[in-house]
Amino acid sequence: HDCDSRIQNDIATIFCFLSSHPKHLDGVFGVHIVKAMLHLVSFQDNDCSWISALALGNLADSDENKKMIISCDGIEPIVALLQETNSEKCRSASSRVLRKVALLELGVSYIIKADSISSLLINIRSSSVDVKVESSMVLCNLSTSSTAHDIVATTDGIQPLVTLLSDADGRCRKLSAMCLCNYSKLPKCQMDIVKSGGVLMLINFTKNVDNDGVKYAITALCNMSANREIRSFLLHDGILDSVRELLDDFVDVEIHRALVAIVYNLSSSAACHADIINASVLPPIHAICKATDIICRRYALMVMCNLSSNSLIRKSVTTGGGLHSAIILLESEDFDIKRYACACLINMSNNSVTQSMIVVHGGLPSLIKLANDDSAELQNGAIVCLGNIAANESNHSALLRHGALELLVKMCSTSSTLTSAREAATFALCNFTVNKSVLNVIGKVGGIRPLLHLMLSNNNFYRCLASSAIRCLSYDQENWEFMCQEEVLSCIVSSGENDDIEITRNTAACFCNLSLGEGKRTFITARCITEIIALSKMDDGECRRQSIGAIANLAESKETHEIMKSFLKPKDLIGFPRQQSIDVNREISRALSNLLATTIFHDDVLAAGELASVFDLAMIEDSECQYHVSRCLRKLSSIHSFQQVMVQSGLVSLFALLKGPDYNTKKHAATALRQLCEGDNMLKEHIAYQGGIDAALVLAKVSKNELQLLGIASLRHLSRNSNLKRVLVEKGALEPCTSYAPWASEGLQRQIAGLLANLSENGENQGYMVARGVTQSVLSLVHSKDTLVKQDCSRTLANLSSSEQNQIAVYRHGALDCFLSLAGSTSDVICQRYSAIGIRFLVSNPEVRRNILADRTILSFGDMASSDVVYYKRAVAASYASLSLEVDSRVTLAKTFGIEDILGLCRAADLQTRRDAVFTTANLADTSEIHDIIIKQGGIIALHQASCECGDITMQRDVARAFSCLVHSQSAYEEVLHKEILQTIFKFSQSSDILTQRFAALTLCNMSFSKSKEELVENGIIQPLLFLARFPDLEVERCASLAMAGLALGSFGNNKLRLLQGGGLGPLLGMLEFPDVHLQNCCLLALNCMALGKVDETKLQLVKEEAIHPLLALLKSSGDDVILGCLYLLGSLAEYEVRESLVGLGCIPAVVIASKTDNIEIKRAAGYFLALLAEQSEFHKELENHGALESIINIASTADCECQEYGSFALAHLSGNREYQLQLARMGAVRPCVSLMATNAESKHYAALALLRLADNFENHLIIAEQGGIQALLRLGRSRVVSEEVHYRAAITVGNLASNAMKTLDKRSAELKEKI
């Protein structure tokens, strides 16, 4: 308190320094010190005041010190210091103290009371930056008080603050923005800011990102944008452009909040909507919808909600992410966000495109969830939105998937739901009813009953809306069960009594729709028929049409006819067409066509002569009437009792309908024609000759598939009549078939295939059909998946293949490949059968068989052979059998393709298959090259099993035939012999079938010439052979005799004796008496085999059995082979001591006669027999008596060595008998002997012996000499190969000849002399 200014300055300086230290702030400076410091502040010296204010400013950093300053009444002196105009430092220091004290709410009120605001406003205009900064900060702190707001507003304090926004110092600008942010909360201040040009300055302030405090400026603008009167100024000054740029430049949450709030405030005015869109603010708004800050999202959503309420800019809001953002925010945890999201989607969903986009972007689940929320506000908004979405039919399926329909029904049925929500749910249900695919679902979830309740409303609009919805629901048959209940029908009936014509029409339409349900027609008829008839009598044409349509629908059920008969007569319906409109006539004709479906109304129609009227209706030039009349005819044509009437009086109308332009009419008329064609043969012929074929052909040639089908179906039915098959082909029934076959539908394929199959049954048609390309058409049809088509195709091809003249062409067209393809693909029995038949037909042709082998098509037969289908096995077996008929193809068939398959088929269970397989094997066995293949593949066993398992004669015959060929192979022979197959062959030999016996006999015959003859005999072959030998068949007897010949031939045990002991001789001798030369040869061969050898018992037995007589009889035969056999047998017998019997039985003359033949073999056999007899001198006389000497000389004179030997042998023995020496020489025996002696043959010795013996008779010497015998004897004497005895005899003989010659010469000389 000293008055010395220097002391005071020093004290103030001490206080300032001490207070600047933080630890001195609390508990150091007391109240008396603060008061002292305040005293110094009031001192006149500016430096002392300034330093003291600095000290107080330091102390004000502590809240306790702030309160101390306030309690010491320090505010007023400090405020007074603000007015010190001469010291900027004092004003700055005092402002600094006030700034800190203003941080306390208490301090704010004291500062305001001290009238500091005006001084502060003056100070912010100061040239000192510190003063402006500190003053601005005080004003900023004071601006939190509403009292300060009023003072600033009344003292025109906004202007300096606005001006401060453009200050060079950034702190001032920031503080100014902060002040304006707070002061802009008052509408008065807001307008002052506008008037002061603060809007543009604030906007410009925000554009400088370097400015600290942009957020305060933005907040100020946000506050101002809440004022409707100022929004136009904001827009004018370009706030939206600034907002858009700031949204892109800043990431601060508070800034974003303020910016979005600005846009929201502006969007609250419809006048600003276009500016917002044009300023391109929406993209950043959409982006903010995805921000993490809830407030930002909320404001952004509120902006879109406001903007989407404007139909002019709704599309712009929806696109670019607005819709998607709103859908996403439905899932927000914030209640307000969800509420605004619902509101936004409600606005957006007023457009059909947006409705679909909500569904596409996944908004339905969230809306469904909100509709189930406990909040009535959210629930109502979600339901309204769902109702809007349901207005788009394309969204219904998605709504159903998410359970929206059930939710709406629940809302309609829950009394606790708000009335507005129930109404919205009901309207949404009505929206659903426009979608036919959803109607059944509405009924299932119980949506009909709420609509019925609405139908009973007093509000006529609601009733009309509900009746329309009920009408739509009645279109779906799944709703009929519920809607046909008593209470529902009663509700519908009651609605029909309304005066509103729309409701009445809807009621009639409901009856018409519900009557479509077949199961409820009887109930509807009994309950509502009178009401329906009453509706049909109304003046409104639509009501009449719908109600008569209901009658027509009810008449579709025959059960309703009895009920309807009491109320409705057909003549009444038929009488209507002349009085009603064309629409009603159509329904009447339809009702009539339905009523005629039963006989209940038939009598009424016929009694009144109304059937003719029905035919007359066909002539009305209305397509629908003609259509329903065609239905009448179609139904009548299926009733047999009316077919005659229809054919006699209705064909003209029927054919007229067929010529009409309407497709459906022609279809039903064509169906009627087809049904008429199904009648008996007489009816078919009547229709055909009355133009039915031409009409059907016209139908078959139209472009519509169904009419083509019906036309060809009619032709197919007619083609079942045998008398019409050829007529149909002549009239051109094949042309549509061949034309449509490649592209025909399944039904048309079936009819074409059936028609072609029927026509192909006529033999005259088959060649023409093949020539017209039917085969190719059938082959194109056979690929159909329809089993019936395949059946008929296979039948057609089988029929065409049955004609031999078509088989080559059909094969070349690919029929066989088709059959094989069917065999590998179909399981249908009929297809299998016809395919098998066709294959058998084709393979029966020789040229086809050759092609099959050349094309290697037969490789496909293997799959059929292994199939379980019996028809395929039969076909393959038959095919192999046919192929095996070609000798040239057997080796190829066996080696390349199918021997294993063939033998496998021999074991098949089916008899026919086994027959053909065995037949094939037998044919193959006829070729020796295949024997080894058959045997290696087990053919013998397979054949044996086939014959043992079945007693079929045909199969046994072929097995026997196969065995007869195979046993030529040694391996087959051994297999037959050692595997008990021989007993089967024995069994075959006793078969009742003659061919089986023949082949069995041939088999035994072939086996008998093997090396194992003794085993055959041991196994009992003799008895079967004896049985066969007695069988009255030449072939069997021949084979049996040959078999016995084979057994007897050679030295194999005692087979000859066993044959004789077994009685084999008797049958052979008996067979000799048969006139068949071949049999005689076979028997003679057997007898010769038995007679050959050293077993004399056989020869003796032959003689005892009187075998000579048939032999002598056979010698008289003209057959050389038989004669040879007889002579050979006689020669064999002559080897044994039965010669006398042979001579006694007259064998010599028969042999002599036989020897005169030119056959060298016969000469040999005869020479051998005669030589054996000549060996015994007692037979010489018989030989002479029967002219055998001349035969022997002739035999010796032949050029055959064997004959020469036999002849020379006989002459050697005969010349030993002196009684015949001269006779033999005179008969010419010398010359052959001389000739034989000149050879080196064995007969040379017998000839020499004969000549020597002949020379013993001197009377023969001259003959011997004349025939060159002397020279022969001389050569014999000189020969070194003869014995000395022969040399001696030759020499004696020559000497005798010489002696006899001299005597003869002397005698002749004496006789000559006497003559002389």
# chains A, B, ... in the order shown; residues from 1 in each chain; ligands from 1
call {"tool": "select_by_dssp", "arguments": {"residues": "range 321-499 of chain A", "states": "helix (DSSP H, G or I)", "output": "MDAnalysis selection string"}}
result
chainID A and resid 321:329 335:348 352:360 364:371 376:390 393:401 404:413 419:432 436:444 448:455 460:473 477:483 486:496
call {"tool": "residues_around", "arguments": {"residues": "Pro1232 in chain A", "least_positions_apart": "4", "cutoff": "7 Å", "atoms": "only C-alpha atoms", "output": "PDB file with N, CA, C and O atoms, in the first residue's frame"}}
result
ATOM      1  N   ALA A1196      -6.138-164.356-118.338  1.00  0.00           N
ATOM      2  CA  ALA A1196      -4.681-164.382-118.413  1.00  0.00           C
ATOM      3  C   ALA A1196      -4.156-163.530-119.544  1.00  0.00           C
ATOM      4  O   ALA A1196      -3.002-163.084-119.511  1.00  0.00           O
ATOM      5  N   SER A1197      -5.017-163.291-120.552  1.00  0.00           N
ATOM      6  CA  SER A1197      -4.578-162.521-121.712  1.00  0.00           C
ATOM      7  C   SER A1197      -4.733-161.024-121.516  1.00  0.00           C
ATOM      8  O   SER A1197      -4.335-160.254-122.404  1.00  0.00           O
ATOM      9  N   LEU A1236       3.484-163.860-120.969  1.00  0.00           N
ATOM     10  CA  LEU A1236       3.800-163.629-119.558  1.00  0.00           C
ATOM     11  C   LEU A1236       5.226-164.022-119.228  1.00  0.00           C
ATOM     12  O   LEU A1236       5.858-163.434-118.338  1.00  0.00           O
TER      13      LEU A1236
END
call {"tool": "atom_distance", "arguments": {"atom1": "CA of Ser467 in chain A", "atom2": "CA of Arg422 in chain A"}}
result
17.7 Å
call {"tool": "closest_residue", "arguments": {"among": "A:Asn1019, A:Ser536, A:Gln1080, A:Asn460", "to": "Arg1038 in chain A", "atoms": "only C-alpha atoms"}}
result
A:Gln1080
call {"tool": "residues_around", "arguments": {"residues": "Ala274 in chain A", "least_positions_apart": "4", "cutoff": "9 Å", "atoms": "only C-alpha atoms", "output": "list in words"}}
result
Ala270, Asn278, Ala279, Leu312 and Ile313 of chain A
call {"tool": "write_last_selection", "arguments": {"atoms": "N, CA, C and O atoms", "output": "PDB file, in the first residue's frame"}}
result
ATOM      1  N   ALA A 270     -38.625 -28.965 -48.765  1.00  0.00           N
ATOM      2  CA  ALA A 270     -38.747 -29.547 -50.100  1.00  0.00           C
ATOM      3  C   ALA A 270     -38.095 -28.659 -51.135  1.00  0.00           C
ATOM      4  O   ALA A 270     -37.611 -29.142 -52.174  1.00  0.00           O
ATOM      5  N   ASN A 278     -28.505 -31.580 -57.022  1.00  0.00           N
ATOM      6  CA  ASN A 278     -27.642 -30.966 -58.030  1.00  0.00           C
ATOM      7  C   ASN A 278     -26.241 -30.730 -57.505  1.00  0.00           C
ATOM      8  O   ASN A 278     -25.282 -30.676 -58.282  1.00  0.00           O
ATOM      9  N   ALA A 279     -26.126 -30.537 -56.185  1.00  0.00           N
ATOM     10  CA  ALA A 279     -24.810 -30.285 -55.602  1.00  0.00           C
ATOM     11  C   ALA A 279     -24.003 -31.559 -55.394  1.00  0.00           C
ATOM     12  O   ALA A 279     -22.892 -31.507 -54.868  1.00  0.00           O
ATOM     13  N   LEU A 312     -40.069 -36.607 -57.141  1.00  0.00           N
ATOM     14  CA  LEU A 312     -39.300 -36.122 -58.279  1.00  0.00           C
ATOM     15  C   LEU A 312     -37.838 -36.515 -58.204  1.00  0.00           C
ATOM     16  O   LEU A 312     -37.177 -36.650 -59.237  1.00  0.00           O
ATOM     17  N   ILE A 313     -37.322 -36.643 -57.015  1.00  0.00           N
ATOM     18  CA  ILE A 313     -35.888 -36.947 -56.866  1.00  0.00           C
ATOM     19  C   ILE A 313     -35.667 -38.306 -56.205  1.00  0.00           C
ATOM     20  O   ILE A 313     -34.550 -38.645 -55.853  1.00  0.00           O
TER      21      ILE A 313
END
call {"tool": "atom_distance", "arguments": {"atom1": "CA of Ile7 in chain A", "atom2": "CA of Gly57 in chain A"}}
result
20.8 Å
call {"tool": "residues_around", "arguments": {"residues": "Leu98 in chain A", "least_positions_apart": "5", "cutoff": "10 Å", "atoms": "only C-alpha atoms", "output": "number ranges by chain"}}
result
A: 56-57, 60, 66, 75, 78-79, 82, 92-93, 103, 107-108, 110-111, 116, 134-135, 137-139, 141-142
call {"tool": "atom_distance", "arguments": {"atom1": "CA of Lys704 in chain A", "atom2": "CA of Gln648 in chain A"}}
result
28.6 Å
call {"tool": "closest_residue", "arguments": {"among": "A:Ala823, A:Cys1083, A:Ile588, A:Ala854", "to": "Asp868 in chain A", "atoms": "only C-alpha atoms"}}
result
A:Ala823
call {"tool": "residues_around", "arguments": {"residues": "Ile839 in chain A", "least_positions_apart": "6", "cutoff": "7 Å", "atoms": "only C-alpha atoms", "output": "count of residues only"}}
result
3
call {"tool": "residues_around", "arguments": {"residues": "Ala226 in chain A", "least_positions_apart": "5", "cutoff": "12 Å", "atoms": "only C-alpha atoms", "output": "PyMOL selection string"}}
result
chain A and resi 184-187+190-191+219-221+231-232+234+258+261-269
call {"tool": "residues_around", "arguments": {"residues": "Thr1239 in chain A", "least_positions_apart": "5", "cutoff": "12 Å", "atoms": "only C-alpha atoms", "output": "list in words"}}
result
Ala1199, Cys1201, Gln1204, Glu1205, Pro1232, Cys1233, Val1234, Lys1244, His1245, Tyr1246, Ala1247, Ala1248, Ala1272, Arg1275 and Leu1276 of chain A
call {"tool": "closest_residue", "arguments": {"among": "A:His1078, A:Arg91, A:His453, A:Lys215", "to": "Ser495 in chain A", "atoms": "only C-alpha atoms"}}
result
A:His453
call {"tool": "closest_residue", "arguments": {"among": "A:Cys1082, A:Val1095, A:Leu514, A:Ala55", "to": "Asn1055 in chain A", "atoms": "only C-alpha atoms"}}
result
A:Val1095
call {"tool": "decode", "arguments": {"residues": "range 59-71 of chain A", "atoms": "all heavy atoms", "output": "tab-separated table (two decimals), in the first residue's frame"}}
result
chain	number	residue	atom	x	y	z
A	59	LEU	N	-2.24	-16.81	-10.72
A	59	LEU	CA	-2.99	-17.46	-9.65
A	59	LEU	C	-4.28	-18.09	-10.15
A	59	LEU	O	-4.76	-19.08	-9.62
A	59	LEU	CB	-3.32	-16.42	-8.56
A	59	LEU	CG	-2.14	-15.89	-7.73
A	59	LEU	CD1	-2.62	-14.82	-6.76
A	59	LEU	CD2	-1.47	-17.03	-6.95
A	60	ALA	N	-4.87	-17.53	-11.21
A	60	ALA	CA	-6.16	-18.02	-11.71
A	60	ALA	C	-6.07	-19.39	-12.37
A	60	ALA	O	-7.08	-19.95	-12.77
A	60	ALA	CB	-6.74	-17.01	-12.70
A	61	ASP	N	-4.88	-19.91	-12.43
A	61	ASP	CA	-4.77	-21.28	-12.96
A	61	ASP	C	-5.37	-22.28	-12.01
A	61	ASP	O	-5.66	-23.42	-12.40
A	61	ASP	CB	-3.30	-21.61	-13.21
A	61	ASP	CG	-2.74	-20.91	-14.44
A	61	ASP	OD1	-3.57	-20.53	-15.31
A	61	ASP	OD2	-1.52	-20.76	-14.55
A	62	SER	N	-5.57	-21.91	-10.76
A	62	SER	CA	-6.15	-22.80	-9.76
A	62	SER	C	-7.58	-22.37	-9.53
A	62	SER	O	-7.89	-21.18	-9.40
A	62	SER	CB	-5.34	-22.73	-8.45
A	62	SER	OG	-6.02	-23.40	-7.44
A	63	ASP	N	-8.48	-23.34	-9.45
A	63	ASP	CA	-9.90	-23.04	-9.24
A	63	ASP	C	-10.11	-22.34	-7.89
A	63	ASP	O	-10.97	-21.45	-7.77
A	63	ASP	CB	-10.72	-24.31	-9.29
A	63	ASP	CG	-10.82	-24.87	-10.70
A	63	ASP	OD1	-10.52	-24.13	-11.67
A	63	ASP	OD2	-11.19	-26.07	-10.88
A	64	GLU	N	-9.31	-22.73	-6.84
A	64	GLU	CA	-9.45	-22.10	-5.53
A	64	GLU	C	-9.06	-20.63	-5.59
A	64	GLU	O	-9.71	-19.77	-4.98
A	64	GLU	CB	-8.58	-22.84	-4.52
A	64	GLU	CG	-9.04	-24.27	-4.24
A	64	GLU	CD	-10.41	-24.30	-3.62
A	64	GLU	OE1	-10.77	-23.36	-2.86
A	64	GLU	OE2	-11.14	-25.29	-3.90
A	65	ASN	N	-8.05	-20.37	-6.33
A	65	ASN	CA	-7.61	-18.99	-6.48
A	65	ASN	C	-8.62	-18.17	-7.26
A	65	ASN	O	-8.83	-16.98	-7.00
A	65	ASN	CB	-6.25	-18.93	-7.15
A	65	ASN	CG	-5.16	-19.53	-6.27
A	65	ASN	OD1	-5.30	-19.61	-5.03
A	65	ASN	ND2	-4.06	-19.98	-6.88
A	66	LYS	N	-9.28	-18.86	-8.27
A	66	LYS	CA	-10.32	-18.16	-9.03
A	66	LYS	C	-11.45	-17.72	-8.10
A	66	LYS	O	-11.94	-16.58	-8.17
A	66	LYS	CB	-10.87	-19.06	-10.13
A	66	LYS	CG	-9.88	-19.40	-11.23
A	66	LYS	CD	-10.46	-20.44	-12.18
A	66	LYS	CE	-9.39	-20.90	-13.17
A	66	LYS	NZ	-9.88	-22.00	-14.02
A	67	LYS	N	-11.86	-18.64	-7.28
A	67	LYS	CA	-12.93	-18.32	-6.34
A	67	LYS	C	-12.49	-17.21	-5.35
A	67	LYS	O	-13.29	-16.36	-4.97
A	67	LYS	CB	-13.34	-19.58	-5.57
A	67	LYS	CG	-13.98	-20.64	-6.46
A	67	LYS	CD	-14.28	-21.91	-5.66
A	67	LYS	CE	-14.87	-22.97	-6.55
A	67	LYS	NZ	-15.15	-24.22	-5.79
A	68	MET	N	-11.20	-17.27	-4.95
A	68	MET	CA	-10.66	-16.26	-4.02
A	68	MET	C	-10.71	-14.88	-4.67
A	68	MET	O	-11.06	-13.87	-4.04
A	68	MET	CB	-9.22	-16.62	-3.63
A	68	MET	CG	-8.65	-15.79	-2.47
A	68	MET	SD	-6.92	-16.26	-2.16
A	68	MET	CE	-7.12	-17.98	-1.79
A	69	ILE	N	-10.34	-14.84	-5.97
A	69	ILE	CA	-10.38	-13.56	-6.68
A	69	ILE	C	-11.81	-13.03	-6.74
A	69	ILE	O	-12.07	-11.84	-6.54
A	69	ILE	CB	-9.79	-13.73	-8.09
A	69	ILE	CG1	-8.29	-14.05	-8.00
A	69	ILE	CG2	-10.02	-12.49	-8.95
A	69	ILE	CD1	-7.67	-14.46	-9.32
A	70	ILE	N	-12.77	-13.96	-7.01
A	70	ILE	CA	-14.18	-13.56	-7.11
A	70	ILE	C	-14.65	-13.05	-5.73
A	70	ILE	O	-15.34	-12.03	-5.62
A	70	ILE	CB	-15.03	-14.72	-7.60
A	70	ILE	CG1	-14.67	-15.08	-9.06
A	70	ILE	CG2	-16.51	-14.37	-7.52
A	70	ILE	CD1	-15.31	-16.33	-9.57
A	71	SER	N	-14.28	-13.80	-4.66
A	71	SER	CA	-14.73	-13.43	-3.31
A	71	SER	C	-14.12	-12.10	-2.82
A	71	SER	O	-14.70	-11.42	-1.99
A	71	SER	CB	-14.37	-14.55	-2.33
A	71	SER	OG	-12.97	-14.73	-2.26
